[in-house]
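A.B. asks: Quick one: this structure, given as structure tokens, is what I'll be asking you about.
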Amino acid sequence: MFNFTDKKTAIRQERLPDPFLKPDGARVASAAEWEEQRVYLKEMLAHYLYGHTPPESGGATGTVIRCQRPTRQTAFRGVRDPRGRRRFKVSETHEANSFQDPRGRQRFKVSETHEASSFRDPNGRHRFKVSETHEAGGLRDPRSGQCFKVSETHAADSTSRCQRPKRQTAFRGVRDPNGGQHFKVSETHAASSLQDPRGRRRFKVSETHAAGSFQDPRGRHRFKVSETHAAGSLPSRKSMGNNGAIKETVRITCGAYNAISFDAVIIRPARQGRFPVFVWNQFADMLPCPVEEEVIRRGYAIAMFNRNQLAPDIMGCEHLTGQCVETYPDSDWRAMAIWGWGASRLVDYLLTTDYADPDRLITTGHSRGGKAALCSAIYDERFALCAAAGSGCGGAASLRFMGTRLGPGGACESLGDITKKSRYWYWFSDVCADYGNHEKRSTLMDEALLPFDLHFVRALIAPRPLISVDGLDDVWSNPYGITLSWAASEPVYQFLGAAGKNALFVREGGHAYSAADWLAVLNFCDNMLLGKNEAPLYKAEGAEQLCLDGLV
């Protein structure tokens with residue numbers, strides 16, 4: 001449909017190209033002309049960067065293959081079921097064959113045999129071995145040998161001397177086996193230690209040990225100490241809001257003849273209603289969101305999928321492989337377009353559910369995932385907002401200009417670095433590989449001959465809200481080039497009446513999708529999609545006033 005110049009006939013443009021410049025040399029003058037220009041620019045990026053997706057989307061269906069629902073309960077002050085399926089308060093009454101609850105009120109039968117283990121009597125003043133055989137399901141007075149029922153309150157007493165327990169205030173923690181003192185589970189005690197129920201070793205509350213195990217208060221199961229949380233604290237269901245979240249694993253089936261399938265993990269608020277959804281393309285290890293509880297509390301859902309199931313990400317591979325390539329062998333799409341297409345197929349499924357808000361879908365990702373999120377937002381306008389983290393070269397950063405927070409220069413990733421055969425050539429079209437320097441790291445070559453730069457990516461998402469989040473110390477992602485692209489795309493947002501929707505967030509630190517990044521993204525989403533007035537941690541104005549050495 002359009003004829004694009006090759007490298008031999010291209011005209012070098014030292015400044016960032018003008019997204020308003022039409023194929024005939026005229027500039028866009030109206031909103032209607034911009035819609036025609038968008039078609040031209042999208043085809044330009046498909047030719048030089050992404051390749052072309054198959055003509056038919058194929059739609060998608062989904063099957064829930066696993067579901068975890070929270071147990072409805074109030075503030076949690078107890079212990080997790082070792083199977084991870086429910087919680088219970090320590091004040092609940094459990095059947096026999098259970099250990100003593102952390103407040104020392106519930107009892108356990110001492111007729112069970114536990115190796116070399118000893119426990120404290122109900123008042124915490126004496127110890128007795130639980131390997132002894134006691135009658136009537138009770139406790140033996142360690143001084144006299146007589147028994148008494150656990151329902152009675154005795155100070156290990158059947159002698160002439162009576163010791164009654166001291167009255168204690170509300171206790172929500174664990175007993176120190178060394179001294180009988182109590183301390184809260186949420187506290188960090190370097191010196192205090194808990195004893196393994198088997199009596200073989202001790203470990204600090206602040207440590208996590210895979211070898212040690214505790215027993216379910218009902219006495220039926222054991223669970224590893226590694227299931228505990230930071231500094232020995234236990235999480236509260238209150239922090240998850242409205243009794244937590246529902247977590248589902250969904251098998252998505254899509255493509256021609258339903259030949260393609262991949263898994264998505266969806267975490268959503270455990271209440272009725274429709275929620276904005278973050279569609280998050282991820283690595284195979286599916287890292288959790290660092291502020292997941294805050295995302296759920298604010299009323300958002302997260303739909304993560306493993307993009308490698310669609311197109312394997314194997315550095316230096318000889319051929320691009322995977323389900324999508326095999327299903328559509330005649331398509332020239334590359335991995336970035338495939339991953340973006342996968343996000344769209346997940347949207348196909350979400351639109352069939354009763355919890356996804358079809359008008360508030362967000363595409364997001366980090367690093368190469370940020371590049372894929374931008375690609376998905378360009379070609380699928382069902383995404384109401386895009387949040388790209390650390391996307392760098394091939395994402396939100398300029399191809400022509402590279403540099404650190406201090407300006408030009410630095411060991412930034414270049415087009416040549418990505419497209420060399422020993423690295424990630426399969427991310428992008430073969431065409432763009434001709435413009436990069438494959439011999440010398442972090443060096444430009446003929447990027448200035450390209451008729452576009454990556455501010456076109458931002459311009460094509462306009463007028464929909466877009467935020468890029470990056471670390472100032474993430475030099476490889478080209479902080480200088482990201483700022484240039486942000487500023488160069490602002491005129492398009494201004495032209496379309498979308499001022500304030502083109503946002504940039506930069507923080508101290510390196511290459512990560514950090515908690516600070518997510519909070520900035522959440523505030524941006526609250527303001528753009530929900531009409532709130534959260535503090536703008538991001539920058540969404542002033543781009544047109546930046547002095548950028550005449551580059552834009």
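We name chains A, B, ... following the order of the structure tokens; residues begin at 1 in each chain, and ligands are numbered from 1 as shown.
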Contacts of Glu35 in chain A at 12 Å or less, counting only C-alpha atoms, minus same-chain residues fewer than 2 places along, as a ChimeraX atom specification?
C.D. replies: /A:20,22,28-33,37-42,459-463,492,496
A.B. asks: Quick one: distance from CA of Asp549 in chain A to CA of Ile378 in chain A in Å, one decimal?
C.D. replies: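 Computing the Euclidean distance for CA of Asp549 in chain A and CA of Ile378 in chain A yields 28.9 Å.
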A.B. asks: Report, in Å with one decimal, the straight-line distance from CA of Met1 in chain A to CA of Ala335 in chain A.
C.D. replies: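 Spanning CA of Met1 in chain A to CA of Ala335 in chain A is a straight-line distance of 23.6 Å.
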A.B. asks: Pick out the closest residue to Pro17 in chain A from this set: A:Ala387, A:Leu548, A:Leu530, A:Leu399. Count only C-alpha atoms.
C.D. replies: A:Leu399
A.B. asks: Give the strand (DSSP E or B) residues of range 251-280 of chain A, as DSSP finds them on the backbone, and put them as a list in words.
C.D. replies: Arg251, Ile252, Thr253, Cys254, Ile260, Ser261, Phe262, Asp263, Ala264, Val265, Ile266, Ile267, Arg268, Pro269, Phe275, Pro276, Val277, Phe278, Val279 and Trp280 of chain A
A.B. asks: Using only C-alpha atoms for the distances, tell me which of A:Ile467, A:Val295, A:Cys324, A:Cys317 is nearest to Gly340 in chain A.
C.D. replies: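 Going through A:Ile467, A:Val295, A:Cys324, A:Cys317 one by one, the smallest distance to Gly340 in chain A is for A:Cys324.
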A.B. asks: Identify which of the residues A:Thr249, A:Thr53, A:Ser477, A:Asn258 lies closest to Gly510 in chain A, counting only C-alpha atoms when measuring atom-to-atom distances.
C.D. replies: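 Once distances to Gly510 in chain A are computed over only C-alpha atoms, the minimum belongs to A:Ser477.
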A.B. asks: Write out as JSON, numbers by chain each polymer residue whose atoms come within 12 Å of Ala60 in chain A, counting only C-alpha atoms; drop sequence neighbours fewer than 2 positions from it.
C.D. replies: {"A": [56, 57, 58, 62, 63, 250, 251, 252, 253, 254, 255, 256, 257, 258, 259, 260, 261, 262, 341, 342, 343, 344, 345, 346, 347, 348, 349, 350, 351, 352]}
A.B. asks: For those residues, write N, CA, C and O atoms to a file as a short mmCIF file (atom, residue, chain, number, x, y, z; two decimals), in the first residue's frame.
C.D. replies:
data_model
loop_
_atom_site.label_atom_id
_atom_site.label_comp_id
_atom_site.auth_asym_id
_atom_site.auth_seq_id
_atom_site.Cartn_x
_atom_site.Cartn_y
_atom_site.Cartn_z
N GLU A 56 -6.16 -12.10 10.21
CA GLU A 56 -7.29 -12.42 11.09
C GLU A 56 -6.80 -12.56 12.52
O GLU A 56 -5.73 -13.12 12.77
N SER A 57 -7.58 -12.04 13.46
CA SER A 57 -7.20 -12.15 14.87
C SER A 57 -7.50 -13.54 15.40
O SER A 57 -6.80 -14.05 16.27
N GLY A 58 -8.57 -14.14 14.89
CA GLY A 58 -8.92 -15.48 15.35
C GLY A 58 -9.72 -15.49 16.63
O GLY A 58 -10.33 -16.50 16.98
N GLY A 62 -11.21 -18.95 26.75
CA GLY A 62 -10.43 -19.27 27.93
C GLY A 62 -11.11 -20.28 28.83
O GLY A 62 -12.35 -20.29 28.92
N THR A 63 -10.32 -21.11 29.47
CA THR A 63 -10.83 -22.10 30.40
C THR A 63 -10.08 -21.95 31.72
O THR A 63 -8.84 -21.99 31.74
N VAL A 250 -5.82 -19.36 33.80
CA VAL A 250 -6.73 -19.55 32.67
C VAL A 250 -5.93 -20.00 31.46
O VAL A 250 -4.89 -19.41 31.14
N ARG A 251 -6.38 -21.03 30.80
CA ARG A 251 -5.77 -21.50 29.57
C ARG A 251 -6.45 -20.78 28.39
O ARG A 251 -7.64 -20.96 28.13
N ILE A 252 -5.69 -19.94 27.69
CA ILE A 252 -6.20 -19.18 26.55
C ILE A 252 -5.94 -19.98 25.27
O ILE A 252 -4.82 -20.42 25.02
N THR A 253 -6.98 -20.14 24.48
CA THR A 253 -6.88 -20.84 23.19
C THR A 253 -7.25 -19.87 22.09
O THR A 253 -8.28 -19.20 22.17
N CYS A 254 -6.42 -19.79 21.05
CA CYS A 254 -6.63 -18.77 20.03
C CYS A 254 -5.95 -19.18 18.72
O CYS A 254 -5.34 -20.25 18.62
N GLY A 255 -6.04 -18.30 17.73
CA GLY A 255 -5.37 -18.52 16.45
C GLY A 255 -6.16 -19.39 15.52
O GLY A 255 -7.23 -19.92 15.86
N ALA A 256 -5.66 -19.55 14.32
CA ALA A 256 -6.32 -20.38 13.31
C ALA A 256 -6.47 -21.81 13.82
O ALA A 256 -5.52 -22.40 14.32
N TYR A 257 -7.69 -22.32 13.72
CA TYR A 257 -8.00 -23.69 14.16
C TYR A 257 -7.70 -23.91 15.63
O TYR A 257 -7.46 -25.04 16.07
N ASN A 258 -7.69 -22.81 16.41
CA ASN A 258 -7.38 -22.90 17.85
C ASN A 258 -6.07 -23.64 18.11
O ASN A 258 -5.94 -24.41 19.07
N ALA A 259 -5.11 -23.38 17.25
CA ALA A 259 -3.83 -24.10 17.32
C ALA A 259 -2.88 -23.52 18.36
O ALA A 259 -1.84 -24.13 18.64
N ILE A 260 -3.18 -22.35 18.90
CA ILE A 260 -2.27 -21.66 19.83
C ILE A 260 -2.91 -21.62 21.21
O ILE A 260 -4.10 -21.32 21.35
N SER A 261 -2.12 -21.91 22.23
CA SER A 261 -2.62 -21.81 23.60
C SER A 261 -1.50 -21.28 24.51
O SER A 261 -0.32 -21.52 24.26
N PHE A 262 -1.91 -20.56 25.52
CA PHE A 262 -0.97 -20.08 26.53
C PHE A 262 -1.73 -19.84 27.81
O PHE A 262 -2.97 -19.76 27.82
N TRP A 341 0.56 -9.27 20.12
CA TRP A 341 -0.63 -9.98 19.66
C TRP A 341 -1.19 -10.86 20.77
O TRP A 341 -2.40 -10.97 20.94
N GLY A 342 -0.31 -11.48 21.55
CA GLY A 342 -0.76 -12.30 22.67
C GLY A 342 -1.53 -11.49 23.70
O GLY A 342 -2.53 -11.96 24.26
N ALA A 343 -1.10 -10.26 23.96
CA ALA A 343 -1.83 -9.38 24.88
C ALA A 343 -3.25 -9.13 24.36
O ALA A 343 -4.21 -9.09 25.13
N SER A 344 -3.39 -8.97 23.04
CA SER A 344 -4.70 -8.75 22.45
C SER A 344 -5.60 -9.98 22.57
O SER A 344 -6.80 -9.87 22.75
N ARG A 345 -5.00 -11.16 22.47
CA ARG A 345 -5.80 -12.38 22.61
C ARG A 345 -6.26 -12.55 24.06
O ARG A 345 -7.36 -13.07 24.30
N LEU A 346 -5.46 -12.13 25.00
CA LEU A 346 -5.91 -12.15 26.39
C LEU A 346 -7.06 -11.18 26.59
O LEU A 346 -8.01 -11.47 27.33
N VAL A 347 -7.02 -10.04 25.91
CA VAL A 347 -8.14 -9.10 25.96
C VAL A 347 -9.41 -9.75 25.40
O VAL A 347 -10.51 -9.56 25.95
N ASP A 348 -9.28 -10.51 24.31
CA ASP A 348 -10.45 -11.21 23.76
C ASP A 348 -11.15 -12.02 24.84
O ASP A 348 -12.38 -12.02 24.94
N TYR A 349 -10.35 -12.72 25.65
CA TYR A 349 -10.95 -13.51 26.73
C TYR A 349 -11.53 -12.62 27.82
O TYR A 349 -12.66 -12.86 28.30
N LEU A 350 -10.79 -11.61 28.25
CA LEU A 350 -11.27 -10.75 29.34
C LEU A 350 -12.62 -10.12 29.02
O LEU A 350 -13.46 -9.93 29.91
N LEU A 351 -12.86 -9.82 27.77
CA LEU A 351 -14.12 -9.19 27.38
C LEU A 351 -15.30 -10.14 27.48
O LEU A 351 -16.45 -9.72 27.37
N THR A 352 -15.03 -11.43 27.67
CA THR A 352 -16.12 -12.39 27.87
C THR A 352 -16.45 -12.59 29.34
O THR A 352 -17.41 -13.30 29.66
#
A.B. asks: Nearest to Lys7 in chain A: which of A:Pro288, A:Asp446, A:Gln309, A:Gly25 is it, counting only C-alpha atoms?
C.D. replies: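 Closest residue, counting only C-alpha atoms: A:Asp446.
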A.B. asks: What's the 12 Å shell around Pro329 in chain A, counting only C-alpha atoms, without same-chain residues fewer than 6 positions away, as a list of chain:residue names?
C.D. replies: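 Listing them by chain and then by number gives A:His52, A:Thr53, A:Pro54, A:Ala256, A:Leu320, A:Thr321, A:Gly322, A:Gln323.
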A.B. asks: Next, the residues of the selection above should be written as an mmCIF file, in the first residue's frame with N, CA, C and O atoms.
C.D. replies:
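Output below, filename out24.cif:
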data_model
loop_
_atom_site.group_PDB
_atom_site.id
_atom_site.type_symbol
_atom_site.label_atom_id
_atom_site.label_comp_id
_atom_site.auth_asym_id
_atom_site.auth_seq_id
_atom_site.Cartn_x
_atom_site.Cartn_y
_atom_site.Cartn_z
ATOM 1 N N HIS A 52 4.493 -7.830 10.208
ATOM 2 C CA HIS A 52 3.036 -7.754 10.090
ATOM 3 C C HIS A 52 2.372 -8.930 10.783
ATOM 4 O O HIS A 52 2.767 -10.082 10.578
ATOM 5 N N THR A 53 1.361 -8.642 11.581
ATOM 6 C CA THR A 53 0.587 -9.704 12.208
ATOM 7 C C THR A 53 -0.346 -10.328 11.176
ATOM 8 O O THR A 53 -0.659 -9.706 10.159
ATOM 9 N N PRO A 54 -0.808 -11.557 11.409
ATOM 10 C CA PRO A 54 -1.735 -12.196 10.471
ATOM 11 C C PRO A 54 -2.996 -11.364 10.292
ATOM 12 O O PRO A 54 -3.411 -10.642 11.209
ATOM 13 N N ALA A 256 -5.661 -19.551 14.321
ATOM 14 C CA ALA A 256 -6.317 -20.375 13.315
ATOM 15 C C ALA A 256 -6.472 -21.806 13.820
ATOM 16 O O ALA A 256 -5.516 -22.402 14.316
ATOM 17 N N LEU A 320 13.541 -18.046 14.617
ATOM 18 C CA LEU A 320 12.419 -17.742 15.493
ATOM 19 C C LEU A 320 11.442 -18.906 15.417
ATOM 20 O O LEU A 320 11.028 -19.309 14.327
ATOM 21 N N THR A 321 11.092 -19.458 16.564
ATOM 22 C CA THR A 321 10.225 -20.632 16.607
ATOM 23 C C THR A 321 9.009 -20.349 17.475
ATOM 24 O O THR A 321 8.812 -19.231 17.943
ATOM 25 N N GLY A 322 8.207 -21.377 17.692
ATOM 26 C CA GLY A 322 7.065 -21.252 18.579
ATOM 27 C C GLY A 322 5.740 -21.460 17.876
ATOM 28 O O GLY A 322 5.656 -21.582 16.651
ATOM 29 N N GLN A 323 4.684 -21.492 18.683
ATOM 30 C CA GLN A 323 3.341 -21.778 18.179
ATOM 31 C C GLN A 323 2.888 -20.796 17.098
ATOM 32 O O GLN A 323 2.292 -21.198 16.093
#
A.B. asks: Range 429-434 of chain A: which residues within 7 Å, counting only C-alpha atoms, same-chain residues fewer than 6 positions away excluded, as an MDAnalysis selection string?
C.D. replies: chainID A and resid 48:51 334 416 419
A.B. asks: Tell me, as a PyMOL selection string, which residues lie within 9 Å of Phe383 in chain A, counting only C-alpha atoms; anything in the same chain fewer than 6 positions away does not count.
C.D. replies: chain A and resi 344+347+358-363+376-377+464
A.B. asks: Produce a file of the selected residues containing all heavy atoms, as a short mmCIF file (atom, residue, chain, number, x, y, z; two decimals), in the first residue's frame.
C.D. replies:
data_model
loop_
_atom_site.label_atom_id
_atom_site.label_comp_id
_atom_site.auth_asym_id
_atom_site.auth_seq_id
_atom_site.Cartn_x
_atom_site.Cartn_y
_atom_site.Cartn_z
N SER A 344 -3.39 -8.97 23.04
CA SER A 344 -4.70 -8.75 22.45
C SER A 344 -5.60 -9.98 22.57
O SER A 344 -6.80 -9.87 22.75
CB SER A 344 -4.55 -8.35 20.98
OG SER A 344 -3.92 -7.10 20.86
N VAL A 347 -7.02 -10.04 25.91
CA VAL A 347 -8.14 -9.10 25.96
C VAL A 347 -9.41 -9.75 25.40
O VAL A 347 -10.51 -9.56 25.95
CB VAL A 347 -7.80 -7.81 25.19
CG1 VAL A 347 -9.05 -6.96 24.96
CG2 VAL A 347 -6.76 -7.00 25.95
N PRO A 358 -14.37 -3.21 30.05
CA PRO A 358 -13.88 -3.13 28.67
C PRO A 358 -13.35 -1.76 28.27
O PRO A 358 -12.61 -1.66 27.29
CB PRO A 358 -15.11 -3.51 27.84
CG PRO A 358 -16.27 -3.16 28.72
CD PRO A 358 -15.83 -3.42 30.11
N ASP A 359 -13.70 -0.73 29.03
CA ASP A 359 -13.25 0.62 28.71
C ASP A 359 -12.01 1.04 29.49
O ASP A 359 -11.52 2.15 29.32
CB ASP A 359 -14.37 1.62 28.99
CG ASP A 359 -15.60 1.37 28.14
OD1 ASP A 359 -15.43 1.02 26.95
OD2 ASP A 359 -16.72 1.50 28.65
N ARG A 360 -11.49 0.15 30.33
CA ARG A 360 -10.34 0.50 31.18
C ARG A 360 -9.32 -0.64 31.20
O ARG A 360 -8.96 -1.16 32.25
CB ARG A 360 -10.81 0.84 32.60
CG ARG A 360 -11.67 2.10 32.67
CD ARG A 360 -12.11 2.40 34.09
NE ARG A 360 -12.81 3.66 34.19
CZ ARG A 360 -14.12 3.80 34.06
NH1 ARG A 360 -14.88 2.73 33.81
NH2 ARG A 360 -14.70 4.99 34.16
N LEU A 361 -8.86 -1.00 30.04
CA LEU A 361 -7.83 -2.04 29.91
C LEU A 361 -6.47 -1.38 29.74
O LEU A 361 -6.33 -0.43 28.97
CB LEU A 361 -8.14 -2.95 28.73
CG LEU A 361 -9.47 -3.70 28.80
CD1 LEU A 361 -9.73 -4.44 27.50
CD2 LEU A 361 -9.49 -4.66 29.98
N ILE A 362 -5.48 -1.89 30.44
CA ILE A 362 -4.14 -1.29 30.48
C ILE A 362 -3.13 -2.32 30.02
O ILE A 362 -3.13 -3.46 30.52
CB ILE A 362 -3.80 -0.84 31.92
CG1 ILE A 362 -4.89 0.09 32.46
CG2 ILE A 362 -2.42 -0.19 31.97
CD1 ILE A 362 -5.03 0.03 33.97
N THR A 363 -2.27 -1.98 29.09
CA THR A 363 -1.18 -2.88 28.69
C THR A 363 0.11 -2.41 29.33
O THR A 363 0.42 -1.21 29.35
CB THR A 363 -1.05 -2.96 27.16
OG1 THR A 363 0.03 -3.83 26.82
CG2 THR A 363 -0.83 -1.60 26.53
N SER A 376 1.65 -3.46 21.45
CA SER A 376 0.25 -3.87 21.59
C SER A 376 -0.69 -2.67 21.63
O SER A 376 -1.80 -2.71 21.09
CB SER A 376 0.07 -4.73 22.84
OG SER A 376 0.35 -4.01 24.02
N ALA A 377 -0.26 -1.58 22.27
CA ALA A 377 -1.11 -0.39 22.35
C ALA A 377 -1.28 0.29 21.00
O ALA A 377 -2.32 0.87 20.71
CB ALA A 377 -0.53 0.60 23.37
N ARG A 464 -4.72 8.47 23.59
CA ARG A 464 -4.86 7.64 24.79
C ARG A 464 -3.70 7.92 25.75
O ARG A 464 -2.58 8.19 25.31
CB ARG A 464 -4.90 6.16 24.40
CG ARG A 464 -6.17 5.73 23.68
CD ARG A 464 -6.02 4.34 23.09
NE ARG A 464 -5.08 4.34 21.99
CZ ARG A 464 -4.41 3.27 21.57
NH1 ARG A 464 -4.54 2.12 22.21
NH2 ARG A 464 -3.58 3.35 20.55
#
